[in-house]
Every structure is written in structure tokens, then in C-alpha cells.
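Participant: Next comes the structure file my_file-v4.tsv, holding TSV, C-alpha atoms.
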chain	number	residue	atom	x	y	z
G	1008	MET	CA	111.38	95.55	131.61
G	1009	THR	CA	110.01	98.24	133.95
G	1010	GLU	CA	113.25	100.20	133.74
G	1011	ARG	CA	112.61	100.65	130.01
G	1012	ILE	CA	109.61	102.86	130.68
G	1013	ARG	CA	111.12	104.93	133.49
G	1014	GLY	CA	112.49	108.41	133.02
G	1015	LEU	CA	110.17	109.33	130.17
G	1016	ASP	CA	109.65	112.91	131.33
G	1017	ASP	CA	109.57	114.23	127.78
G	1018	VAL	CA	107.01	111.70	126.49
G	1019	LYS	CA	103.53	113.17	126.23
G	1020	ILE	CA	100.70	110.69	126.22
G	1021	ILE	CA	96.95	111.24	125.91
G	1022	LEU	CA	94.67	109.32	128.24
G	1023	TYR	CA	91.29	109.11	126.54
G	1024	SER	CA	88.74	109.59	129.31
G	1025	TRP	CA	85.32	107.98	128.84
G	1026	GLY	CA	84.26	107.42	132.46
G	1027	ALA	CA	86.05	104.21	133.44
G	1028	ASN	CA	86.21	103.99	137.23
G	1029	ASN	CA	89.98	103.71	137.46
G	1030	GLU	CA	91.11	106.28	134.87
G	1031	HIS	CA	92.64	108.60	137.46
G	1032	VAL	CA	94.44	105.67	139.11
G	1033	LEU	CA	95.87	104.81	135.69
G	1034	ALA	CA	96.88	108.43	135.12
G	1035	ASP	CA	98.65	108.63	138.48
G	1036	ASN	CA	100.62	105.48	137.74
G	1037	LEU	CA	101.54	106.66	134.25
G	1038	THR	CA	102.84	109.86	135.81
G	1039	LYS	CA	104.90	107.86	138.31
G	1040	LEU	CA	106.55	106.09	135.38
G	1041	GLY	CA	107.60	109.44	133.90
G	1042	PHE	CA	104.94	110.11	131.27
G	1043	GLU	CA	103.36	113.52	130.91
G	1044	VAL	CA	99.66	112.60	130.93
G	1045	ILE	CA	97.14	114.77	129.13
G	1046	PHE	CA	93.45	113.94	129.55
G	1047	PHE	CA	91.19	114.13	126.53
G	1048	GLN	CA	87.51	113.75	127.31
G	1049	LYS	CA	84.80	113.65	124.68
G	1050	GLU	CA	81.93	111.21	124.30
G	1051	CYS	CA	82.42	108.66	121.54
G	1052	ARG	CA	79.14	108.70	119.62
G	1053	HIS	CA	80.09	105.98	117.15
G	1054	TYR	CA	82.87	103.46	117.71
G	1055	THR	CA	84.02	103.35	114.11
G	1056	ARG	CA	82.68	106.51	112.41
G	1057	ASP	CA	82.75	109.39	114.90
G	1058	MET	CA	84.22	112.06	112.63
G	1059	GLU	CA	83.42	114.82	115.14
G	1060	LEU	CA	85.72	113.13	117.65
G	1061	ALA	CA	88.39	112.68	114.97
G	1062	MET	CA	88.26	116.30	113.85
G	1063	GLU	CA	88.78	117.47	117.43
G	1064	LEU	CA	91.39	114.95	118.55
G	1065	ILE	CA	93.71	115.03	115.50
G	1066	PRO	CA	94.65	118.74	115.82
G	1067	PHE	CA	94.85	118.29	119.60
G	1068	ILE	CA	97.46	115.55	119.12
G	1069	HIS	CA	99.50	117.70	116.73
G	1070	GLY	CA	99.18	120.83	118.86
G	1071	LYS	CA	100.33	119.09	122.05
G	1072	GLN	CA	103.01	117.06	120.21
G	1073	VAL	CA	101.59	113.89	121.72
G	1074	GLU	CA	103.52	110.66	121.10
G	1075	ALA	CA	100.86	108.05	122.02
G	1076	VAL	CA	97.24	107.57	123.06
G	1077	VAL	CA	96.12	105.15	125.79
G	1078	SER	CA	92.67	104.10	126.97
G	1079	PHE	CA	90.91	101.53	129.04
G	1080	ASN	CA	89.08	99.28	126.58
G	1081	TYR	CA	89.45	99.51	122.83
G	1082	PHE	CA	87.96	102.25	120.64
G	1083	PRO	CA	88.32	101.61	116.88
G	1084	ILE	CA	87.95	105.32	116.10
G	1085	LEU	CA	91.05	106.00	118.23
G	1086	SER	CA	92.91	103.45	116.10
G	1087	MET	CA	92.00	105.38	112.97
G	1088	ILE	CA	93.04	108.68	114.54
G	1089	CYS	CA	96.39	107.34	115.79
G	1090	ASN	CA	97.07	105.67	112.47
G	1091	THR	CA	96.44	108.97	110.70
G	1092	CYS	CA	98.75	110.78	113.14
G	1093	GLN	CA	101.33	107.96	112.92
G	1094	ILE	CA	101.54	107.43	116.67
G	1095	PRO	CA	100.88	104.24	118.67
G	1096	TYR	CA	97.58	103.48	120.37
G	1097	TYR	CA	97.62	101.43	123.58
G	1098	ALA	CA	94.33	99.91	124.80
G	1099	TRP	CA	93.99	97.92	128.02
G	1100	VAL	CA	90.84	95.83	127.82
G	1101	TYR	CA	89.03	94.78	131.00
G	1102	ASP	CA	85.50	94.15	129.66
G	1103	CYS	CA	84.34	90.85	128.26
G	1104	PRO	CA	82.55	90.57	125.94
G	1105	HIS	CA	84.10	93.57	124.23
G	1106	PHE	CA	82.74	93.57	120.71
G	1107	THR	CA	84.76	96.52	119.43
G	1108	LEU	CA	87.69	94.08	119.32
G	1109	TYR	CA	85.97	92.63	116.27
G	1110	ALA	CA	86.04	95.94	114.41
G	1111	LYS	CA	88.10	95.86	111.22
G	1112	GLN	CA	90.33	98.68	112.51
G	1113	ILE	CA	91.92	96.25	114.98
G	1114	GLN	CA	94.42	95.27	112.28
G	1115	LEU	CA	95.83	98.79	111.97
G	1116	PRO	CA	99.60	98.76	112.70
G	1117	CYS	CA	99.36	101.50	115.34
G	1118	ASN	CA	97.45	99.17	117.68
G	1119	HIS	CA	98.89	97.64	120.85
G	1120	ILE	CA	95.90	96.01	122.53
G	1121	GLY	CA	96.38	94.33	125.89
G	1122	VAL	CA	93.52	91.95	126.68
G	1123	PHE	CA	93.09	90.48	130.17
G	1124	ASP	CA	91.52	87.23	128.97
G	1125	ARG	CA	93.94	84.85	127.25
G	1126	GLU	CA	91.15	82.92	125.53
G	1127	MET	CA	89.82	86.13	124.01
G	1128	VAL	CA	93.26	86.76	122.52
G	1129	ARG	CA	93.32	83.25	121.07
G	1130	ASN	CA	89.91	83.78	119.53
G	1131	LEU	CA	91.14	86.97	117.87
G	1132	GLU	CA	94.21	85.13	116.61
G	1133	ASN	CA	91.89	82.60	115.00
G	1134	TYR	CA	90.54	85.51	112.95
G	1135	GLY	CA	94.08	86.47	111.95
G	1136	VAL	CA	94.41	89.40	114.36
G	1137	GLY	CA	98.01	90.08	115.31
G	1138	THR	CA	97.73	93.35	117.26
G	1139	ALA	CA	96.26	91.94	120.50
G	1140	PHE	CA	98.21	90.27	123.28
G	1141	HIS	CA	97.58	88.89	126.74
G	1142	ALA	CA	97.90	91.52	129.50
G	1143	PRO	CA	96.45	90.71	132.94
G	1144	LEU	CA	94.89	93.63	134.77
G	1145	ALA	CA	96.25	95.55	137.74
G	1146	ALA	CA	95.13	96.99	141.07
G	1147	ASP	CA	96.72	99.73	143.17
G	1148	ALA	CA	96.92	98.40	146.73
G	1149	ALA	CA	98.49	101.61	148.03
G	1150	TYR	CA	95.65	103.70	146.57
G	1151	PHE	CA	92.96	101.51	148.09
G	1152	GLY	CA	94.86	101.52	151.38
G	1153	ARG	CA	94.71	105.32	151.43
G	1154	MET	CA	90.98	105.30	150.66
G	1155	ILE	CA	90.35	102.89	153.53
G	1156	GLY	CA	92.63	104.82	155.87
G	1157	GLN	CA	90.89	108.13	155.15
G	1158	ALA	CA	87.43	106.76	156.00
G	1159	SER	CA	85.93	107.44	159.41
G	1160	GLU	CA	85.42	104.61	161.87
G	1161	ALA	CA	81.68	105.07	161.56
G	1162	GLU	CA	81.88	104.72	157.78
G	1163	LYS	CA	84.02	101.58	158.07
G	1164	LYS	CA	81.60	100.07	160.57
G	1165	ARG	CA	78.71	100.74	158.20
G	1166	PHE	CA	80.15	98.25	155.70
G	1167	LEU	CA	81.05	95.44	158.09
G	1168	CYS	CA	79.33	92.15	157.24
G	1169	ASP	CA	79.97	88.45	156.90
G	1170	VAL	CA	79.37	87.84	153.18
G	1171	SER	CA	78.90	90.34	150.36
G	1172	PHE	CA	78.62	90.51	146.60
G	1173	VAL	CA	79.21	93.62	144.51
G	1174	GLY	CA	77.94	93.47	140.96
G	1175	SER	CA	75.08	93.41	138.49
G	1176	LEU	CA	72.29	90.84	138.31
G	1177	TYR	CA	71.46	91.96	134.74
G	1178	THR	CA	67.76	91.88	135.59
G	1179	ASP	CA	67.03	95.23	134.00
G	1180	GLU	CA	69.30	95.15	130.94
G	1181	HIS	CA	68.41	94.03	127.43
G	1182	ASN	CA	66.89	90.56	127.73
G	1183	TYR	CA	67.86	89.14	124.36
G	1184	TYR	CA	67.55	85.57	125.56
G	1185	ASP	CA	63.77	85.44	125.78
G	1186	GLY	CA	63.49	86.88	122.30
G	1187	LEU	CA	65.81	84.25	120.83
G	1188	LYS	CA	64.47	81.08	122.45
G	1189	ASN	CA	63.75	78.54	119.75
G	1190	GLY	CA	60.25	78.04	118.49
G	1191	GLY	CA	59.97	74.28	118.30
G	1192	SER	CA	62.29	73.38	115.43
G	1193	ASP	CA	63.20	69.70	115.36
G	1194	ARG	CA	66.86	70.74	115.06
G	1195	CYS	CA	66.84	72.69	118.32
G	1196	VAL	CA	67.69	71.59	121.80
G	1197	ASP	CA	65.62	73.24	124.48
G	1198	MET	CA	67.57	76.40	125.38
G	1199	ASP	CA	66.34	76.51	128.97
G	1200	LEU	CA	67.60	72.97	129.50
G	1201	LEU	CA	70.93	73.88	127.95
G	1202	ILE	CA	71.28	76.91	130.23
G	1203	ARG	CA	70.46	74.86	133.33
G	1204	GLN	CA	72.97	72.22	132.27
G	1205	GLN	CA	75.73	74.83	131.92
G	1206	CYS	CA	75.10	76.58	135.25
G	1207	PHE	CA	77.94	75.93	137.72
G	1208	CYS	CA	79.53	73.48	135.30
G	1209	TYR	CA	83.09	74.62	134.62
G	1210	GLY	CA	84.60	71.50	133.09
G	1211	GLU	CA	82.30	71.17	130.06
G	1212	ASP	CA	81.13	73.79	127.58
G	1213	TYR	CA	77.66	72.54	126.69
G	1214	LEU	CA	76.80	75.78	124.92
G	1215	ARG	CA	79.59	75.63	122.37
G	1216	ARG	CA	79.14	71.90	121.95
G	1217	ALA	CA	75.49	72.42	121.03
G	1218	LEU	CA	76.55	75.05	118.49
G	1219	SER	CA	79.31	72.94	116.96
G	1220	GLU	CA	77.06	69.88	116.72
G	1221	GLY	CA	74.35	71.83	114.92
G	1222	ARG	CA	71.78	71.36	117.67
G	1223	LEU	CA	70.70	75.00	117.52
G	1224	ASP	CA	68.70	76.33	114.60
G	1225	LEU	CA	71.13	79.09	113.58
G	1226	ALA	CA	69.07	80.20	110.60
G	1227	MET	CA	66.13	80.97	112.85
G	1228	ILE	CA	68.36	82.48	115.53
G	1229	ARG	CA	70.13	84.77	113.04
G	1230	GLU	CA	66.77	86.10	111.93
G	1231	LYS	CA	65.74	86.86	115.50
G	1232	MET	CA	69.14	88.39	116.28
G	1233	ALA	CA	68.68	90.76	113.35
G	1234	ASP	CA	65.20	91.68	114.59
G	1235	GLN	CA	66.64	92.61	117.99
G	1236	GLY	CA	69.52	94.63	116.57
G	1237	LEU	CA	72.21	92.21	117.69
G	1238	MET	CA	74.14	92.16	114.42
G	1239	LEU	CA	77.31	94.27	114.56
G	1240	GLY	CA	77.22	95.49	110.96
G	1241	GLU	CA	79.65	95.80	108.10
G	1242	ASP	CA	82.39	97.48	110.15
G	1243	TYR	CA	82.92	94.25	112.12
G	1244	PHE	CA	84.12	90.77	111.21
G	1245	ALA	CA	82.77	88.65	114.11
G	1246	GLU	CA	80.59	85.71	113.20
G	1247	GLU	CA	77.03	85.58	114.49
G	1248	GLU	CA	77.92	82.60	116.68
G	1249	ASP	CA	80.39	84.70	118.70
G	1250	ILE	CA	77.76	87.36	119.32
G	1251	LEU	CA	75.10	84.79	120.18
G	1252	MET	CA	77.38	83.06	122.65
G	1253	ALA	CA	78.61	86.13	124.55
G	1254	ALA	CA	75.65	88.51	124.34
G	1255	VAL	CA	72.88	85.96	124.83
G	1256	LEU	CA	73.72	82.45	126.00
G	1257	GLU	CA	76.70	83.07	128.30
G	1258	LYS	CA	75.01	86.16	129.69
G	1259	LYS	CA	71.91	84.12	130.53
G	1260	VAL	CA	74.04	81.53	132.34
G	1261	THR	CA	75.60	84.35	134.37
G	1262	VAL	CA	72.15	85.73	135.23
G	1263	GLU	CA	70.97	82.34	136.47
G	1264	GLU	CA	74.15	81.52	138.39
G	1265	ARG	CA	74.12	84.83	140.24
G	1266	ARG	CA	70.41	84.61	140.99
G	1267	MET	CA	70.60	81.04	142.30
G	1268	LEU	CA	73.77	81.39	144.36
G	1269	LEU	CA	72.99	84.77	145.89
G	1270	THR	CA	69.44	83.68	146.72
G	1271	LYS	CA	70.77	80.55	148.42
G	1272	LEU	CA	73.24	82.54	150.53
G	1273	ALA	CA	70.66	85.20	151.40
G	1274	GLN	CA	68.21	82.54	152.55
G	1275	GLU	CA	70.79	80.61	154.52
G	1276	GLY	CA	72.23	83.71	156.10
G	1277	LYS	CA	68.72	84.97	156.90
G	1278	ALA	CA	69.93	88.49	156.26
G	1279	SER	CA	68.45	90.61	159.02
G	1280	GLY	CA	71.08	93.21	159.80
G	1281	THR	CA	72.55	91.33	162.77
G	1282	ALA	CA	76.31	91.09	162.69
G	1283	GLY	CA	78.46	88.03	163.05
G	1284	MET	CA	77.90	84.33	163.26
G	1285	LYS	CA	75.33	83.14	165.78
G	1286	SER	CA	76.77	80.80	168.37
G	1287	GLY	CA	75.97	77.23	167.53
G	1288	GLY	CA	74.29	78.11	164.22
G	1289	SER	CA	74.96	79.02	160.62
G	1290	ARG	CA	73.23	82.40	160.55
G	1291	TYR	CA	75.27	85.20	159.01
G	1292	THR	CA	74.79	88.57	157.40
G	1293	PHE	CA	74.67	88.74	153.63
G	1294	ARG	CA	74.67	91.98	151.68
G	1295	LEU	CA	74.20	92.63	148.00
G	1296	TYR	CA	75.53	95.85	146.47
G	1297	THR	CA	73.92	96.29	143.09
G	1298	GLY	CA	72.06	98.73	140.90
G	1299	SER	CA	69.92	95.91	139.50
G	1300	ASP	CA	66.22	95.59	140.23
G	1301	THR	CA	65.69	92.83	142.81
G	1302	GLY	CA	61.91	93.23	142.92
G	1303	GLY	CA	61.35	89.85	141.31
G	1304	ILE	CA	63.68	88.07	143.75
G	1305	PRO	CA	62.21	88.51	147.27
G	1306	ALA	CA	65.13	86.86	149.06
G	1307	LEU	CA	67.53	89.43	147.57
G	1308	GLU	CA	65.29	92.46	147.91
G	1309	ASN	CA	65.72	92.46	151.69
G	1310	CYS	CA	69.51	92.44	151.57
G	1311	SER	CA	70.06	94.75	148.60
G	1312	CYS	CA	72.00	97.86	149.61
G	1313	GLY	CA	72.19	99.67	146.27
G	1314	THR	CA	75.41	100.66	144.53
G	1315	VAL	CA	78.69	101.75	146.09
G	1316	ASP	CA	81.18	104.34	144.86
G	1317	TYR	CA	84.22	102.65	143.33
G	1318	HIS	CA	86.75	104.90	145.05
G	1319	THR	CA	85.32	105.72	148.47
G	1320	GLN	CA	82.89	102.93	149.40
G	1321	MET	CA	83.81	99.81	147.45
G	1322	PRO	CA	87.18	99.46	149.25
G	1323	LEU	CA	85.33	99.57	152.59
G	1324	VAL	CA	83.00	96.80	151.44
G	1325	PHE	CA	85.92	94.61	150.40
G	1326	ALA	CA	87.92	95.31	153.56
G	1327	GLY	CA	84.88	95.02	155.85
G	1328	SER	CA	83.39	91.80	154.44
G	1329	ARG	CA	84.71	88.60	155.92
G	1330	ILE	CA	83.99	86.89	152.60
G	1331	ASN	CA	83.79	88.68	149.25
G	1332	LEU	CA	82.12	86.69	146.48
G	1333	ASN	CA	83.09	86.86	142.83
G	1334	ILE	CA	80.83	85.24	140.24
G	1335	SER	CA	82.47	85.89	136.89
G	1336	LEU	CA	80.67	86.68	133.68
G	1337	ARG	CA	80.61	83.46	131.67
G	1338	SER	CA	81.95	85.33	128.66
G	1339	ILE	CA	85.24	85.65	130.61
G	1340	ARG	CA	86.67	82.34	129.48
G	1341	SER	CA	90.01	82.33	131.31
G	1342	GLY	CA	91.00	85.75	132.66
G	1343	ILE	CA	91.19	87.20	136.16
G	1344	PRO	CA	88.32	89.71	136.52
G	1345	LEU	CA	89.27	93.13	137.84
G	1346	ARG	CA	86.89	92.56	140.75
G	1347	VAL	CA	89.10	89.75	142.09
G	1348	LEU	CA	92.24	91.92	142.02
G	1349	ASP	CA	90.42	94.90	143.57
G	1350	ILE	CA	89.17	92.75	146.47
G	1351	MET	CA	92.65	91.40	147.15
G	1352	ALA	CA	94.23	94.86	146.86
G	1353	CYS	CA	91.87	96.03	149.61
G	1354	GLY	CA	92.98	93.18	151.87
G	1355	GLY	CA	89.73	91.29	151.37
G	1356	PHE	CA	89.18	87.54	151.28
G	1357	VAL	CA	88.01	86.29	147.86
G	1358	LEU	CA	85.75	83.32	147.24
G	1359	THR	CA	85.40	83.01	143.47
G	1360	ASN	CA	84.33	80.61	140.79
G	1361	ARG	CA	87.27	78.76	139.30
G	1362	GLN	CA	88.95	80.42	136.32
G	1363	PRO	CA	92.05	79.04	134.53
G	1364	GLU	CA	94.14	82.17	135.06
G	1365	ILE	CA	93.08	82.57	138.70
G	1366	THR	CA	94.40	79.11	139.55
G	1367	GLU	CA	97.46	79.74	137.35
G	1368	TYR	CA	98.53	82.91	139.15
G	1369	PHE	CA	97.19	82.34	142.68
G	1370	ALA	CA	97.68	79.37	144.99
G	1371	GLU	CA	94.42	77.67	145.95
G	1372	GLY	CA	93.76	77.81	149.69
G	1373	VAL	CA	96.83	80.00	150.17
G	1374	GLU	CA	96.05	83.27	148.33
G	1375	VAL	CA	92.56	82.62	147.01
G	1376	VAL	CA	89.70	80.15	147.46
G	1377	THR	CA	87.67	78.93	144.50
G	1378	PHE	CA	84.45	76.96	144.15
G	1379	ASP	CA	83.30	74.66	141.36
G	1380	SER	CA	79.60	74.25	142.19
G	1381	LEU	CA	76.82	76.00	144.08
G	1382	GLU	CA	77.09	73.47	146.89
G	1383	ASP	CA	80.87	73.87	147.07
G	1384	CYS	CA	80.49	77.64	147.40
G	1385	VAL	CA	77.95	77.35	150.21
G	1386	GLU	CA	80.13	74.85	152.09
G	1387	LYS	CA	83.18	77.09	151.77
G	1388	VAL	CA	81.23	80.10	153.04
G	1389	ARG	CA	80.35	78.09	156.15
G	1390	TYR	CA	83.91	76.83	156.56
G	1391	TYR	CA	85.73	80.15	156.27
G	1392	LEU	CA	83.27	82.00	158.49
G	1393	ALA	CA	84.12	79.42	161.13
G	1394	HIS	CA	87.91	79.54	160.53
G	1395	GLU	CA	88.82	83.17	161.06
G	1396	GLU	CA	92.60	82.91	161.31
G	1397	GLU	CA	92.89	80.81	158.16
G	1398	ARG	CA	90.64	83.27	156.35
G	1399	ARG	CA	92.78	86.21	157.47
G	1400	ARG	CA	96.02	84.50	156.37
G	1401	ILE	CA	94.64	83.86	152.90
G	1402	ALA	CA	93.40	87.45	152.55
G	1403	GLU	CA	96.79	88.84	153.55
G	1404	ALA	CA	98.66	86.50	151.20
G	1405	GLY	CA	96.36	87.55	148.36
G	1406	ARG	CA	97.01	91.21	149.11
G	1407	ARG	CA	100.77	90.64	149.01
G	1408	LYS	CA	100.57	88.75	145.69
G	1409	VAL	CA	98.57	91.55	144.05
G	1410	GLN	CA	100.94	94.17	145.41
G	1411	GLU	CA	103.97	92.28	144.08
G	1412	LYS	CA	102.75	90.81	140.78
G	1413	PHE	CA	99.65	92.78	139.73
G	1414	SER	CA	100.69	96.35	140.45
G	1415	TYR	CA	100.15	99.04	137.83
G	1416	GLU	CA	103.91	99.23	137.44
G	1417	ALA	CA	104.00	95.55	136.39
G	1418	GLY	CA	100.85	95.85	134.27
G	1419	LEU	CA	102.01	98.92	132.38
G	1420	ALA	CA	105.37	97.29	131.74
G	1421	ARG	CA	103.47	94.53	129.94
G	1422	LEU	CA	101.28	97.02	128.06
G	1423	PHE	CA	104.21	99.20	126.95
G	1424	ASP	CA	106.56	96.31	126.27
G	1425	ASP	CA	107.82	97.88	123.04
G	1426	ILE	CA	108.73	101.29	124.50
Go ahead and render the structure in this file as C-alpha cells.

Facilitator:
Amino acid sequence: MTERIRGLDDVKIILYSWGANNEHVLADNLTKLGFEVIFFQKECRHYTRDMELAMELIPFIHGKQVEAVVSFNYFPILSMICNTCQIPYYAWVYDCPHFTLYAKQIQLPCNHIGVFDREMVRNLENYGVGTAFHAPLAADAAYFGRMIGQASEAEKKRFLCDVSFVGSLYTDEHNYYDGLKNGGSDRCVDMDLLIRQQCFCYGEDYLRRALSEGRLDLAMIREKMADQGLMLGEDYFAEEEDILMAAVLEKKVTVEERRMLLTKLAQEGKASGTAGMKSGGSRYTFRLYTGSDTGGIPALENCSCGTVDYHTQMPLVFAGSRINLNISLRSIRSGIPLRVLDIMACGGFVLTNRQPEITEYFAEGVEVVTFDSLEDCVEKVRYYLAHEEERRRIAEAGRRKVQEKFSYEAGLARLFDDI
């Protein structure tokens, strides 16, 4: 399949640049496959109706004799532009939820939309969408290796620790949940109880069950969703239940899971800046790299180290942490988050919540380690900090698997399957 997209030196392709961290990595890999890559950068001010963007991009496509447009994530306005210009549009989606997938333009025939989460594709198919397909994400191990190799020894040492987590706590983003909590209707289950029940439970979907059984007062919730501006509008076909689930309920479960687990590890590790396991004890260093406000979580405030640059610092965190945690967004129903692949590509050891596609593509205890409860995660942190050689073998096996099966070459072959 890969051979079909080699030797395309005369094929000009636009990479729509909107600030995704790995756009230049994508561009480099497209160039390696033979495409002539032309960047087009302009802020999208409206996903479905940005006529200013259209009026600038359409003549640019004709003037450069471009044969396709590609972007990370899906922009409906780009669909309209490509359909007008009669060229294909390739979108590689790594965000979830990604509500632009519910825009009506998704059915345009120019679309080739690779989505990393298989369950998201199935949900779109239930709406009759036939332009989206399953396309796992990719990581460039060679690129990350160069970034790590170029760093000074002092910089590498700065990021050494036992356990780390890189990601958002969503403490300072729109808190739709509190505004939607039910107001005492006899038809409502207590939402807080429902959230607590779902936390760290991966075998049962209590949220969707409550919806399907009519135990949430949807009439009241719809009214409050409208008040908070959560409705997508007439350009979209998603039902309110999909928005409620991903933007409110599943997000709240993620918030609580990350807060509880990270607090537990910070407290147990007694994060104090000392390095390594204490002899005869369970003390270890824990670091949190986030832009979220931790002021309301004292245990995390002391170990919060701010954000890290995706290209120059994040690889050092992943390579320098003995254990890298991944706690997936609950709206990712099955897919392998990019964070997991990035960690492995950097040679890091991954301890992640269980996801169907993670256990499908990676061997448990051989290339990755998963947990299915808070207690299981804590126990596995203790175990792998105490079993260094086993931890190193798993990290190296994970790196090899990503290099072999989740390279950009393999990922782009899936995305451009029809070229």
C-alpha cells in the first residue's frame, strides 16, 4: 500500500496549518513520501461559514495547481472549498470529542476523513455518514529521538523523575456540568452519584444506560444546554444526547478520575523533589505537567511543573520518567490516544487506562501496561518502580512496535488509501 503513495513528486498538496503541535512533523513525512507540501495558514473564524477563508483559499488552490488539501482534524469549511475546487480533502482526526464531524458538510464526496477512534466512526455510520473511516494515529520515533539527542545533559537531568503525567485537569475550562445538574425532578438520577459510579469503571457504561432508560430529565437538560450555548445549531445534525454525553458527562468523569488518581499518587509519592525510590519504602517523585489551575487541589499544587513544549521538552519528560501515566478522555471510547504513541515513540514506559484498541494493538505486560481501577494503577506504579529491568524491556518493546506499526509512513498509507 505504501508503494502506491511513493514517487509523487509532481503532486502538490496543501497542508492547512492551524497550530496543531505536530503539523511540521506531518509535513516532513508527506515530503518524504514524495508530495510537494505547501502550507496555508489562516485562522478559521467559523467552521462552516468562513467566507473570508474561502475567498482566499480557492484562488490559492487554482494558482498553485494544488491537487488535494490535508489537515489535522476536520474543518467543514475546507470540505466546501475542496468540493468547489473538485479536489479531495483529507482530514486526520486526533481530538475526541470533535463536534465538527457532525457538520452537514461531512457528507460531501470530496471528504476522506480518518478518525483514530473506531467507536466514533461507528457512531457517524449510525447517522448515515460514509466519508469517515478508522485511521489510528502515528508518531515519529526518529524525530523524537533527534529531539532527545540534541538536548544537553543538564536539560535531560532536569526532567528525570519516577512518575509523571502530562495533560489537562480541565479545572479552568467551561464547567458545563454544574450548570446542568438536575434540579430535583422525580425522573432524574442524582448526577453526582452517576459520575462517581462511572469513575474507573471500564466494563459498564452507566452514563449511556441512564440516558437510554430515561433516568435523566432530557427536557430540562436541553433547556439548560441551550442557556449555556451548548447547542451546535442548524449546520449540524448531532442529537443533544451526543453533545451532553461528550461535552458534559464524560468530561466530568475525566475531571474526577484525573483529580482522584493524580492526588493519590502525589500523596503516596510525597513529592518533594528527591529522586528515586527510598530504600525500604514506597516514596517516589511525582510530577504533573499541566497548564491547569491546581490551586484547589493542594496535593497537586506542590508537584505541578507547568506546561512543556511539545517538541523540545515533552520528549525529555517521556524519556526521563520511569513511569508515564495516561488517563484518557472518557469521550475516547476505543481509540489509542496520541499521548500513548508519543510516549512509546520517545522510549518511555506507559501505564494507561484500558482502551479496546490499546489492548488490540499492543500486548499487555509486553509492550504496554494497563490498569482497570484506581487501586490497580497505584499497585502497578509500585510494582514497576521496583522492577526496573522488566519496566525497561516493556518500554523498549513499545518503542519498537510504534516504530514498526504506527509510523507516519504507515499512517499516511491508511489515510491516502485511494491514491

Participant: Give me, as a Markdown table, the closest atom pair and its distance (Å, one decimal) for every residue of stretch 1147-1222 of chain G within a cut-off of 9 Å of stretch 1373-1386 of chain G, counting all atoms listed in the file, rows sorted by chain and rising number.

Facilitator:
| residue | atom | partner | partner_atom | distance |
| --- | --- | --- | --- | --- |
| G:Cys1206 | CA | G:Ser1380 | CA | 8.6 |
| G:Phe1207 | CA | G:Ser1380 | CA | 5.1 |
| G:Cys1208 | CA | G:Ser1380 | CA | 6.9 |
| G:Tyr1209 | CA | G:Asp1379 | CA | 6.7 |
| G:Gly1210 | CA | G:Asp1379 | CA | 8.9 |

Participant: Counting all atoms listed in the file, which residue out of G:Asp1057, G:Asp1349, G:Glu1395, G:Asp1249 sits closest to G:Phe1151?

Facilitator: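 Between G:Asp1057, G:Asp1349, G:Glu1395, G:Asp1249, the residue approaching G:Phe1151 most closely is G:Asp1349.
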
Participant: Report, in Å with one decimal, the straight-line distance from atom CA of G:Asp1185 to atom CA of G:Thr1314.

Facilitator: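 Computing the Euclidean distance for atom CA of G:Asp1185 and atom CA of G:Thr1314 yields 26.8 Å.
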
Participant: Please list as an mmCIF file with C-alpha atoms, in the frame of the given file every residue within 12 Å of G:Asp1035, counting only C-alpha atoms and excluding residues in the same chain fewer than 3 positions away.

Facilitator:
data_model
loop_
_atom_site.group_PDB
_atom_site.id
_atom_site.type_symbol
_atom_site.label_atom_id
_atom_site.label_comp_id
_atom_site.auth_asym_id
_atom_site.auth_seq_id
_atom_site.Cartn_x
_atom_site.Cartn_y
_atom_site.Cartn_z
ATOM 1 C CA LEU G 1022 94.670 109.320 128.240
ATOM 2 C CA ASN G 1029 89.980 103.710 137.460
ATOM 3 C CA GLU G 1030 91.110 106.280 134.870
ATOM 4 C CA HIS G 1031 92.640 108.600 137.460
ATOM 5 C CA VAL G 1032 94.440 105.670 139.110
ATOM 6 C CA THR G 1038 102.840 109.860 135.810
ATOM 7 C CA LYS G 1039 104.900 107.860 138.310
ATOM 8 C CA LEU G 1040 106.550 106.090 135.380
ATOM 9 C CA GLY G 1041 107.600 109.440 133.900
ATOM 10 C CA PHE G 1042 104.940 110.110 131.270
ATOM 11 C CA GLU G 1043 103.360 113.520 130.910
ATOM 12 C CA VAL G 1044 99.660 112.600 130.930
ATOM 13 C CA ILE G 1045 97.140 114.770 129.130
ATOM 14 C CA PHE G 1046 93.450 113.940 129.550
ATOM 15 C CA ASP G 1147 96.720 99.730 143.170
ATOM 16 C CA ALA G 1149 98.490 101.610 148.030
ATOM 17 C CA TYR G 1150 95.650 103.700 146.570
ATOM 18 C CA TYR G 1415 100.150 99.040 137.830
ATOM 19 C CA GLU G 1416 103.910 99.230 137.440
ATOM 20 C CA LEU G 1419 102.010 98.920 132.380
#

Participant: So, with only C-alpha atoms as the atoms that count, which of G:Ile1334, G:Ala1273, G:Met1127, G:Ala1306 lies closest to G:Val1170?

Facilitator: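 When distances to G:Val1170 are compared using only C-alpha atoms, the smallest one comes from G:Ala1273.
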
Participant: Quick one: residues within 7 Å of (100.2, 92.4, 129.1) (file frame), counting all atoms listed in the file, please, as a count of residues only.

Facilitator: 8

Participant: Quick one: residues within 8 Å of G:Val1409, only C-alpha atoms, excluding same-chain residues fewer than 5 positions away - as a list in words?

Facilitator: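 The residues that qualify are Ala1145, Ala1146, Ala1148, Leu1348, Met1351, Ala1352 and Ser1414 of chain G.
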
Participant: Taking into account only C-alpha atoms, which residue in the set G:Lys1019, G:Leu1033, G:Cys1168, G:His1105 is nearest to G:Val1076?

Facilitator: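 Result for the nearest residue to G:Val1076: G:Lys1019.
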
Participant: Excluding G:Ile1250 and residues on its chain fewer than 4 positions from it, collect all residues at most 9 Å away from it, counting only C-alpha atoms, and give them as a list of chain:residue names.

Facilitator: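 Counting only C-alpha atoms, the residues come to G:Pro1104, G:Phe1106, G:Leu1237, G:Met1238, G:Leu1239, G:Ala1245, G:Glu1246, G:Ala1254, G:Val1255.
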
Participant: Restricting the calculation to all atoms listed in the file, which member of G:Gly1137, G:Pro1305, G:Gly1405, G:Pro1344 is positioned closest to G:Glu1364?

Facilitator: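 Closest candidate: G:Pro1344.
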
Participant: By how many Å are atom CA of G:Ser1219 and atom CA of G:Tyr1109 apart?

Facilitator: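 Those two atoms sit 20.8 Å apart.
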